[in-house]
>>> print(open('structure-v1.csv').read())   # CSV, C-alpha atoms
chain,number,residue,atom,x,y,z
A,1,GLY,CA,92.8,115.6,88.5
A,2,ILE,CA,93.5,118.7,90.5
A,3,SER,CA,92.4,122.3,90.1
A,4,GLN,CA,95.6,124.0,91.5
A,5,VAL,CA,99.2,123.0,92.1
A,6,ASN,CA,101.7,124.8,94.4
A,7,LEU,CA,105.3,124.9,93.1
A,8,LEU,CA,108.7,126.0,94.2
A,9,VAL,CA,112.0,125.9,92.2
A,10,SER,CA,115.6,125.6,93.3
A,11,GLU,CA,117.0,127.8,90.6
A,12,PRO,CA,115.7,130.8,88.5
A,13,CYS,CA,113.3,129.4,85.9
A,14,VAL,CA,111.2,130.4,82.9
A,15,MET,CA,107.6,129.4,82.2
A,16,ILE,CA,107.2,128.5,78.6
A,17,ASN,CA,104.4,127.4,76.3
A,18,PRO,CA,105.7,124.1,74.8
A,19,ALA,CA,103.5,124.6,71.7
A,20,ASP,CA,105.8,127.4,70.5
A,21,ASN,CA,108.5,127.6,73.2
A,22,LYS,CA,107.6,131.2,73.9
A,23,VAL,CA,108.5,132.5,77.4
A,24,LEU,CA,105.4,133.4,79.3
A,25,GLN,CA,107.1,134.6,82.5
A,26,LYS,CA,110.2,134.3,84.7
A,27,ILE,CA,110.1,132.4,88.0
A,28,ASP,CA,112.3,133.3,91.0
A,29,LYS,CA,114.0,130.6,92.9
A,30,ASP,CA,112.8,129.6,96.4
A,31,LYS,CA,109.6,131.7,95.9
A,32,PRO,CA,106.4,129.7,96.2
A,33,PHE,CA,103.8,130.2,93.4
A,34,ALA,CA,100.7,128.4,92.2
A,35,ILE,CA,99.1,127.4,88.9
A,36,ASP,CA,95.4,127.0,88.8
A,37,PHE,CA,93.0,125.8,86.2
A,38,ALA,CA,90.8,128.9,86.1
A,39,SER,CA,93.7,131.3,85.3
A,40,MET,CA,95.8,129.0,83.0
A,41,LYS,CA,95.4,130.2,79.5
A,42,ALA,CA,97.6,127.9,77.5
A,43,ASP,CA,96.8,124.2,77.0
A,44,SER,CA,100.2,123.3,78.6
A,45,ILE,CA,103.0,125.1,80.4
A,46,GLU,CA,106.5,124.0,81.3
A,47,ILE,CA,108.8,125.2,84.0
A,48,ARG,CA,112.5,124.9,83.1
A,49,GLY,CA,115.7,126.3,84.3
A,50,GLU,CA,116.6,129.7,83.0
A,51,LYS,CA,120.3,129.0,83.0
A,52,VAL,CA,120.6,125.5,84.3
A,53,GLN,CA,119.7,122.1,82.7
A,54,LEU,CA,116.9,120.0,84.1
A,55,LYS,CA,119.5,117.7,85.7
A,56,ASP,CA,120.6,120.6,87.9
A,57,LEU,CA,117.1,121.7,88.8
A,58,GLN,CA,114.7,120.6,91.5
A,59,VAL,CA,111.1,121.4,91.8
A,60,THR,CA,108.8,121.1,94.8
A,61,ILE,CA,105.3,120.0,93.8
A,62,ASN,CA,102.7,120.4,96.6
A,63,ASN,CA,105.4,120.1,99.2
A,64,LYS,CA,107.1,117.1,97.6
A,65,LYS,CA,110.6,117.6,96.0
A,66,TYR,CA,111.5,116.1,92.7
A,67,PHE,CA,114.5,116.2,90.3
A,68,GLY,CA,114.0,118.3,87.2
A,69,GLY,CA,111.2,120.6,86.2
A,70,VAL,CA,107.5,120.4,85.7
A,71,ARG,CA,104.9,120.4,83.0
A,72,VAL,CA,101.2,121.2,83.6
A,73,ASN,CA,98.6,120.1,81.1
A,74,LYS,CA,95.1,121.5,81.1
A,75,ASN,CA,92.4,118.9,80.6
A,76,LYS,CA,88.7,118.9,80.7
A,77,GLY,CA,88.0,120.5,84.1
A,78,SER,CA,91.3,119.8,85.8
A,79,LEU,CA,95.1,119.8,85.6
A,80,THR,CA,97.6,117.0,85.1
A,81,VAL,CA,101.0,117.7,86.8
A,82,ILE,CA,104.0,116.0,85.2
A,83,ASN,CA,107.6,115.9,86.4
A,84,LEU,CA,110.1,116.6,83.6
A,85,VAL,CA,113.1,114.6,84.7
A,86,PRO,CA,116.2,113.3,82.9
A,87,VAL,CA,116.5,109.5,83.0
A,88,GLU,CA,119.6,109.4,85.3
A,89,GLU,CA,118.0,111.7,87.9
A,90,TYR,CA,114.7,109.7,87.6
A,91,LEU,CA,116.6,106.6,88.4
A,92,ARG,CA,118.0,108.2,91.6
A,93,GLY,CA,114.4,108.3,92.8
A,94,VAL,CA,113.5,104.8,91.5
A,95,VAL,CA,116.3,102.5,92.6
A,96,PRO,CA,116.1,103.2,96.3
A,97,GLU,CA,112.3,102.7,96.2
A,98,GLU,CA,112.4,99.5,94.2
A,99,MET,CA,115.4,97.9,96.0
A,100,SER,CA,116.7,98.1,99.6
A,101,ILE,CA,119.6,100.5,100.1
A,102,SER,CA,121.1,97.9,102.5
A,103,PHE,CA,121.8,95.6,99.5
A,104,ASP,CA,125.2,95.0,98.0
A,105,ILE,CA,126.4,97.6,95.5
A,106,GLU,CA,126.6,95.0,92.7
A,107,ALA,CA,123.0,94.1,93.2
A,108,LEU,CA,122.0,97.8,93.2
A,109,LYS,CA,124.1,98.3,90.0
A,110,ALA,CA,122.3,95.4,88.3
A,111,HIS,CA,119.0,96.9,89.3
A,112,ALA,CA,120.0,100.3,88.0
A,113,VAL,CA,120.7,98.9,84.6
A,114,ALA,CA,117.4,96.9,84.7
A,115,ALA,CA,115.4,100.0,85.7
A,116,ARG,CA,117.1,102.1,83.1
A,117,SER,CA,116.3,99.6,80.4
A,118,PHE,CA,112.7,99.3,81.6
A,119,THR,CA,112.4,103.1,81.5
A,120,LEU,CA,113.7,103.4,77.9
A,121,LYS,CA,111.7,100.4,76.7
A,122,ASN,CA,108.4,101.7,78.2
A,123,THR,CA,108.7,105.4,77.2
A,124,ASN,CA,105.2,106.5,76.0
A,125,ARG,CA,103.5,103.8,78.2
A,126,HIS,CA,101.1,106.5,79.3
A,127,LYS,CA,101.1,108.5,76.1
A,128,SER,CA,97.3,108.7,76.0
A,129,ASP,CA,97.5,110.4,79.4
A,130,GLY,CA,100.0,112.9,78.2
A,131,TYR,CA,103.2,111.5,79.9
A,132,ASP,CA,105.7,108.6,79.6
A,133,LEU,CA,105.6,106.8,83.0
A,134,CYS,CA,103.5,106.8,86.2
A,135,ASP,CA,105.1,106.8,89.6
A,136,THR,CA,103.4,103.6,90.8
A,137,THR,CA,104.3,99.9,90.6
A,138,HIS,CA,102.4,99.8,87.2
A,139,CYS,CA,105.6,101.3,85.8
A,140,GLN,CA,108.2,101.9,88.5
A,141,THR,CA,107.8,103.4,92.0
A,142,TYR,CA,109.3,106.9,92.0
A,143,GLU,CA,109.4,109.2,95.0
A,144,GLY,CA,111.7,111.9,93.7
A,145,VAL,CA,114.4,113.5,95.9
A,146,ALA,CA,113.1,112.2,99.3
A,147,THR,CA,114.3,108.6,99.0
A,148,ALA,CA,117.6,109.3,97.1
A,149,ALA,CA,120.5,107.7,98.9
A,150,GLU,CA,124.3,107.9,98.5
A,151,ILE,CA,124.6,104.1,97.8
A,152,THR,CA,121.9,104.1,95.0
A,153,ASP,CA,123.2,107.3,93.5
A,154,LYS,CA,126.6,105.5,93.3
A,155,ALA,CA,124.9,102.5,91.6
A,156,VAL,CA,123.2,104.8,89.1
A,157,SER,CA,126.3,106.8,88.4
A,158,ALA,CA,128.6,103.8,88.0
A,159,THR,CA,126.3,102.3,85.3
A,160,ARG,CA,125.4,105.6,83.6
A,161,GLY,CA,123.9,105.1,80.2
A,162,GLU,CA,124.2,101.3,80.4
A,163,VAL,CA,121.3,99.4,78.9
A,164,LEU,CA,120.5,95.8,78.0
A,165,TYR,CA,119.8,95.0,74.4
A,166,PHE,CA,118.4,92.0,72.6
A,167,ASN,CA,118.5,91.7,68.8
A,168,GLY,CA,119.4,95.4,68.3
A,169,ALA,CA,116.5,96.7,70.5
A,170,VAL,CA,116.3,97.7,74.2
A,171,ALA,CA,115.3,94.6,76.2
A,172,LEU,CA,112.1,94.5,78.3
A,173,THR,CA,113.7,94.1,81.8
A,174,ASN,CA,110.9,93.1,84.1
A,175,PHE,CA,111.9,92.5,87.7
A,176,HIS,CA,110.3,91.5,91.0
A,177,THR,CA,111.0,91.2,94.7
A,178,ASP,CA,111.8,87.5,95.1
A,179,SER,CA,111.3,84.4,92.9
A,180,GLY,CA,111.0,81.9,95.8
A,181,GLY,CA,113.7,79.7,94.2
A,182,MET,CA,113.2,79.9,90.4
A,183,THR,CA,112.1,82.7,88.2
A,184,GLU,CA,109.2,82.4,85.7
A,185,SER,CA,108.9,82.7,81.9
A,186,SER,CA,107.0,85.7,80.5
A,187,VAL,CA,104.8,83.4,78.4
A,188,GLU,CA,103.4,81.7,81.5
A,189,ILE,CA,102.5,85.0,83.2
A,190,TRP,CA,101.5,87.3,80.4
A,191,GLY,CA,101.2,85.0,77.4
A,192,THR,CA,104.1,86.8,75.6
A,193,ASP,CA,107.0,84.6,74.6
A,194,THR,CA,110.1,86.8,75.2
A,195,PRO,CA,113.2,84.8,74.5
A,196,TYR,CA,115.3,86.3,77.4
A,197,LEU,CA,112.5,86.2,80.0
A,198,VAL,CA,112.6,82.5,80.8
A,199,ALA,CA,112.5,80.4,84.0
A,200,ILE,CA,115.9,80.5,85.7
A,201,PRO,CA,117.0,78.5,88.8
A,202,GLU,CA,118.2,80.6,91.8
A,203,LEU,CA,121.1,80.2,94.2
A,204,ASN,CA,118.7,79.7,97.1
A,205,LYS,CA,115.3,77.8,97.1
A,206,GLN,CA,112.2,78.3,99.2
A,207,THR,CA,113.0,82.0,99.9
A,208,GLN,CA,110.5,84.5,101.4
A,209,PRO,CA,108.1,81.9,102.8
A,210,TRP,CA,104.5,83.1,103.4
A,211,THR,CA,101.1,81.9,104.7
A,212,VAL,CA,97.7,83.3,103.9
A,213,LYS,CA,94.6,81.9,105.7
A,214,LEU,CA,90.9,82.4,104.9
A,215,THR,CA,87.8,81.0,106.4
A,216,LYS,CA,85.5,78.9,104.1
A,217,THR,CA,83.0,81.7,104.3
A,218,GLU,CA,85.5,84.4,103.3
A,219,PHE,CA,86.8,82.2,100.5
A,220,SER,CA,83.3,81.5,99.2
A,221,GLU,CA,82.3,85.2,99.4
A,222,ARG,CA,85.3,86.2,97.3
A,223,MET,CA,84.3,83.6,94.7
A,224,GLY,CA,81.0,85.3,94.3
A,225,ALA,CA,77.3,84.5,95.0
A,226,GLU,CA,77.1,82.3,91.8
A,227,PHE,CA,79.8,80.0,93.2
A,228,GLY,CA,78.0,78.9,96.3
A,229,ASN,CA,79.8,77.2,99.2
A,230,LEU,CA,83.3,75.8,98.8
A,231,TYR,CA,83.5,72.0,98.5
A,232,SER,CA,87.0,71.3,97.3
A,233,ILE,CA,90.2,72.6,95.7
A,234,THR,CA,92.2,70.4,93.3
A,235,LEU,CA,95.8,71.3,92.8
A,236,SER,CA,99.0,69.2,92.6
A,237,ASN,CA,101.7,69.4,95.1
A,238,MET,CA,104.3,72.1,94.5
A,239,VAL,CA,107.9,71.2,93.7
A,240,ILE,CA,110.1,74.1,92.8
A,241,GLY,CA,111.6,73.6,89.3
A,242,GLN,CA,109.2,70.8,88.4
A,243,SER,CA,106.2,71.2,86.1
A,244,ALA,CA,102.8,69.4,86.1
A,245,THR,CA,99.6,69.7,84.2
A,246,ASP,CA,98.5,72.5,86.5
A,247,ARG,CA,101.9,73.9,87.2
A,248,THR,CA,104.6,75.7,85.2
A,249,VAL,CA,108.2,74.5,84.8
A,250,SER,CA,109.1,76.6,87.9
A,251,GLY,CA,106.4,75.0,90.0
A,252,ARG,CA,104.0,78.0,89.9
A,253,VAL,CA,100.3,77.5,89.7
A,254,LYS,CA,98.9,77.5,86.2
A,255,PHE,CA,95.4,76.7,87.4
A,256,ALA,CA,93.4,75.0,90.1
A,257,LEU,CA,89.9,73.4,90.0
A,258,ILE,CA,87.7,75.0,92.7
A,259,ALA,CA,84.4,73.2,93.3
A,260,GLY,CA,81.5,75.0,94.9
A,261,SER,CA,77.9,74.0,95.6
A,262,LYS,CA,76.7,75.9,92.5
A,263,LYS,CA,79.5,75.4,90.1
A,264,THR,CA,83.2,74.4,89.5
A,265,VAL,CA,85.7,77.0,88.4
A,266,LYS,CA,89.0,76.5,86.7
A,267,MET,CA,90.9,79.5,88.0
A,268,THR,CA,94.4,80.6,86.9
A,269,GLY,CA,97.2,81.1,89.5
A,270,ALA,CA,97.3,84.8,88.5
A,271,ASP,CA,93.6,85.2,89.2
A,272,MET,CA,93.9,83.3,92.5
A,273,ARG,CA,96.8,85.5,93.5
A,274,LYS,CA,94.7,88.6,92.8
A,275,LYS,CA,91.4,87.4,94.3
A,276,PHE,CA,93.0,86.1,97.5
A,277,SER,CA,95.8,88.7,97.9
A,278,LEU,CA,98.6,86.2,97.7
A,279,PRO,CA,102.3,87.3,97.5
A,280,SER,CA,103.0,85.0,94.5
A,281,THR,CA,101.7,82.1,92.5
A,282,LEU,CA,104.3,79.7,93.9
A,283,PHE,CA,102.1,78.0,96.5
A,284,ASN,CA,100.3,75.0,97.8
A,285,VAL,CA,96.7,75.2,99.2
A,286,LYS,CA,94.8,72.9,101.6
A,287,ILE,CA,91.5,72.9,103.5
A,288,GLU,CA,91.8,72.2,107.2
A,289,GLY,CA,88.5,72.3,109.2
A,290,GLY,CA,86.9,75.6,108.4
A,291,GLU,CA,90.1,77.2,107.0
A,292,ILE,CA,91.7,77.5,103.6
A,293,ILE,CA,95.5,77.7,104.0
A,294,PHE,CA,97.8,79.0,101.2
A,295,GLU,CA,101.5,78.3,101.8
A,296,GLY,CA,104.1,79.6,99.4
A,297,PHE,CA,107.4,81.3,98.6
A,298,GLY,CA,108.6,84.5,96.9
A,299,ARG,CA,107.1,87.9,96.2
A,300,GLY,CA,105.9,89.2,92.9
A,301,HIS,CA,105.2,87.8,89.4
A,302,GLY,CA,108.6,86.0,89.2
A,303,VAL,CA,109.6,87.3,85.8
A,304,GLY,CA,113.1,88.7,85.1
A,305,LEU,CA,115.5,89.8,87.8
A,306,SER,CA,114.7,88.8,91.4
A,307,GLN,CA,115.9,91.5,93.7
A,308,TYR,CA,116.6,89.2,96.6
A,309,GLY,CA,118.1,86.7,94.2
A,310,ALA,CA,120.4,89.4,92.8
A,311,GLU,CA,121.5,90.3,96.4
A,312,ALA,CA,122.3,86.6,97.0
A,313,TYR,CA,124.5,86.4,93.9
A,314,ALA,CA,126.2,89.7,94.7
A,315,LYS,CA,127.0,88.4,98.2
A,316,SER,CA,128.5,85.3,96.6
A,317,GLY,CA,130.9,87.5,94.6
A,318,TRP,CA,129.1,88.0,91.3
A,319,LYS,CA,129.4,91.4,89.6
A,320,TYR,CA,126.4,93.2,88.2
A,321,ASP,CA,127.0,92.3,84.6
A,322,LYS,CA,127.1,88.6,85.5
A,323,ILE,CA,123.9,89.0,87.5
A,324,LEU,CA,122.1,90.6,84.5
A,325,LYS,CA,123.2,87.9,82.1
A,326,HIS,CA,121.9,85.3,84.5
A,327,TYR,CA,118.4,86.8,84.7
A,328,TYR,CA,118.1,88.1,81.1
A,329,LYS,CA,119.5,85.2,79.0
A,330,GLY,CA,121.1,86.2,75.7
A,331,THR,CA,120.9,90.0,76.3
A,332,GLU,CA,123.9,92.3,75.7
A,333,LEU,CA,125.0,95.1,78.0
A,334,LYS,CA,125.7,98.3,76.0
A,335,LYS,CA,126.6,101.9,77.0
A,336,LEU,CA,124.0,104.0,75.2
A,337,TYR,CA,125.4,107.3,76.3
>>> encode(input="structure-v1.csv", output="structure tokens")
Amino acid sequence: GISQVNLLVSEPCVMINPADNKVLQKIDKDKPFAIDFASMKADSIEIRGEKVQLKDLQVTINNKKYFGGVRVNKNKGSLTVINLVPVEEYLRGVVPEEMSISFDIEALKAHAVAARSFTLKNTNRHKSDGYDLCDTTHCQTYEGVATAAEITDKAVSATRGEVLYFNGAVALTNFHTDSGGMTESSVEIWGTDTPYLVAIPELNKQTQPWTVKLTKTEFSERMGAEFGNLYSITLSNMVIGQSATDRTVSGRVKFALIAGSKKTVKMTGADMRKKFSLPSTLFNVKIEGGEIIFEGFGRGHGVGLSQYGAEAYAKSGWKYDKILKHYYKGTELKKLY
């Protein structure tokens, strides 16, 4: 969505046309240059090392440094700028963004394997946009060189090429910040029954407590004009690890009945989380006077590895492979390369 990009490379590079691999020009190291939509003649160009591999190259894109090289695609009226980065270098920019560098090395190693598996499983997730993965939480948060740290580099290096498999295929290794005391099954969150993404009890319960308060007016406004004024919210009491008609086996909200002056809505926990900006779906809700009070535990969707849970297990002496087998039941750890 931009008309021009400013670039800088750490080693001598060549600009090629990926359609035929022809060299268009040579690029000096540490010498700023720009690519703009108006003067770009090819549909795509790539900047790669002239004598070094992508893993040994760094590129600065609009003053932000990344591992690897760069590809620029010409679209209708604008450019799409894509970081060409090998998986291991990509993980050096992912793991310290997704998990605290203060965590135990075994937790970081577990996360490195989960992030690597997620990466390889989701290659082509943005194929229609012309690249594999985005750099946001939709895929994995990636900040390039800036956030790389010695401890997470060590975790990535120590697990190089290690991936989780299930029935001969790379496993889908979703992860989240904190489960609150028990993880959730993928079928409850996304409707997809994945055998190794099931509800798993944690070492610690009622972790990451949180409270969100709204006035009745604010609540009703978020429900929309057709809802009217809030009358009541019907939801059973939360017990972590205990299911109910309106709760999953982990205790998360499946749905709540929300009565307004104009209509009653059966709203899913996921929709409530989104509409009311709640950290998780593991919560109770009550109306006190003119306030609606949500009180819950955990952070994130709750599926797969819990980052804070992995840290607790690492602190208790578990190694990364045991942590992974705990969160992804029935998967096998393999060294792919």
>>> atom_distance(input="structure-v1.csv", atom1="atom CA of A:Lys55", atom2="atom CA of A:Val14")
15.4 Å
>>> residues_around(input="structure-v1.csv", residues="A:Val87", least_positions_apart="2", cutoff="9 Å", atoms="only C-alpha atoms", output="list in words")
Val85, Glu89, Tyr90, Leu91, Arg92, Arg116, Thr119 and Leu120 of chain A
>>> closest_residue(input="structure-v1.csv", among="A:Ile151, A:Ile189, A:Leu214, A:Ala110", to="A:Ile323", atoms="all atoms listed in the file")
A:Ala110
>>> atom_distance(input="structure-v1.csv", atom1="atom CA of A:Gln25", atom2="atom CA of A:Leu79")
19.3 Å
>>> atom_distance(input="structure-v1.csv", atom1="atom CA of A:Ala244", atom2="atom CA of A:Ala259")
20.1 Å
>>> residues_around(input="structure-v1.csv", residues="A:Ala225", least_positions_apart="5", cutoff="12 Å", atoms="only C-alpha atoms", output="PDB file with C-alpha atoms, in the frame of the given file")
ATOM      1  CA  THR A 217      83.000  81.700 104.300  1.00  0.00           C
ATOM      2  CA  GLU A 218      85.500  84.400 103.300  1.00  0.00           C
ATOM      3  CA  PHE A 219      86.800  82.200 100.500  1.00  0.00           C
ATOM      4  CA  SER A 220      83.300  81.500  99.200  1.00  0.00           C
ATOM      5  CA  LEU A 230      83.300  75.800  98.800  1.00  0.00           C
ATOM      6  CA  GLY A 260      81.500  75.000  94.900  1.00  0.00           C
ATOM      7  CA  SER A 261      77.900  74.000  95.600  1.00  0.00           C
ATOM      8  CA  LYS A 262      76.700  75.900  92.500  1.00  0.00           C
ATOM      9  CA  LYS A 263      79.500  75.400  90.100  1.00  0.00           C
TER      10      LYS A 263
END
>>> residues_around(input="structure-v1.csv", residues="A:Glu46", least_positions_apart="2", cutoff="8 Å", atoms="all atoms listed in the file", output="number ranges by chain")
A: 15-18, 44, 48, 69-72
>>> write_last_selection(input="structure-v1.csv", atoms="C-alpha atoms", output="CSV table (one decimal), in the frame of the given file")
chain,number,residue,atom,x,y,z
A,15,MET,CA,107.6,129.4,82.2
A,16,ILE,CA,107.2,128.5,78.6
A,17,ASN,CA,104.4,127.4,76.3
A,18,PRO,CA,105.7,124.1,74.8
A,44,SER,CA,100.2,123.3,78.6
A,48,ARG,CA,112.5,124.9,83.1
A,69,GLY,CA,111.2,120.6,86.2
A,70,VAL,CA,107.5,120.4,85.7
A,71,ARG,CA,104.9,120.4,83.0
A,72,VAL,CA,101.2,121.2,83.6
>>> closest_residue(input="structure-v1.csv", among="A:Phe67, A:Arg222, A:Gly298, A:Val5", to="A:Met272", atoms="only C-alpha atoms")
A:Arg222
>>> closest_residue(input="structure-v1.csv", among="A:Val81, A:Ala149, A:Leu133, A:Ala107", to="A:Lys322", atoms="all atoms listed in the file")
A:Ala107
>>> residues_near_point(input="structure-v1.csv", point="(128.3, 101.8, 76.7)", cutoff="9 Å", atoms="all atoms listed in the file", output="list in words")
Thr159, Arg160, Gly161, Glu162, Val163, Leu333, Lys334, Lys335, Leu336 and Tyr337 of chain A
>>> closest_residue(input="structure-v1.csv", among="A:Glu288, A:Glu184, A:Asp20, A:Glu221", to="A:Gln242", atoms="all atoms listed in the file")
A:Glu184
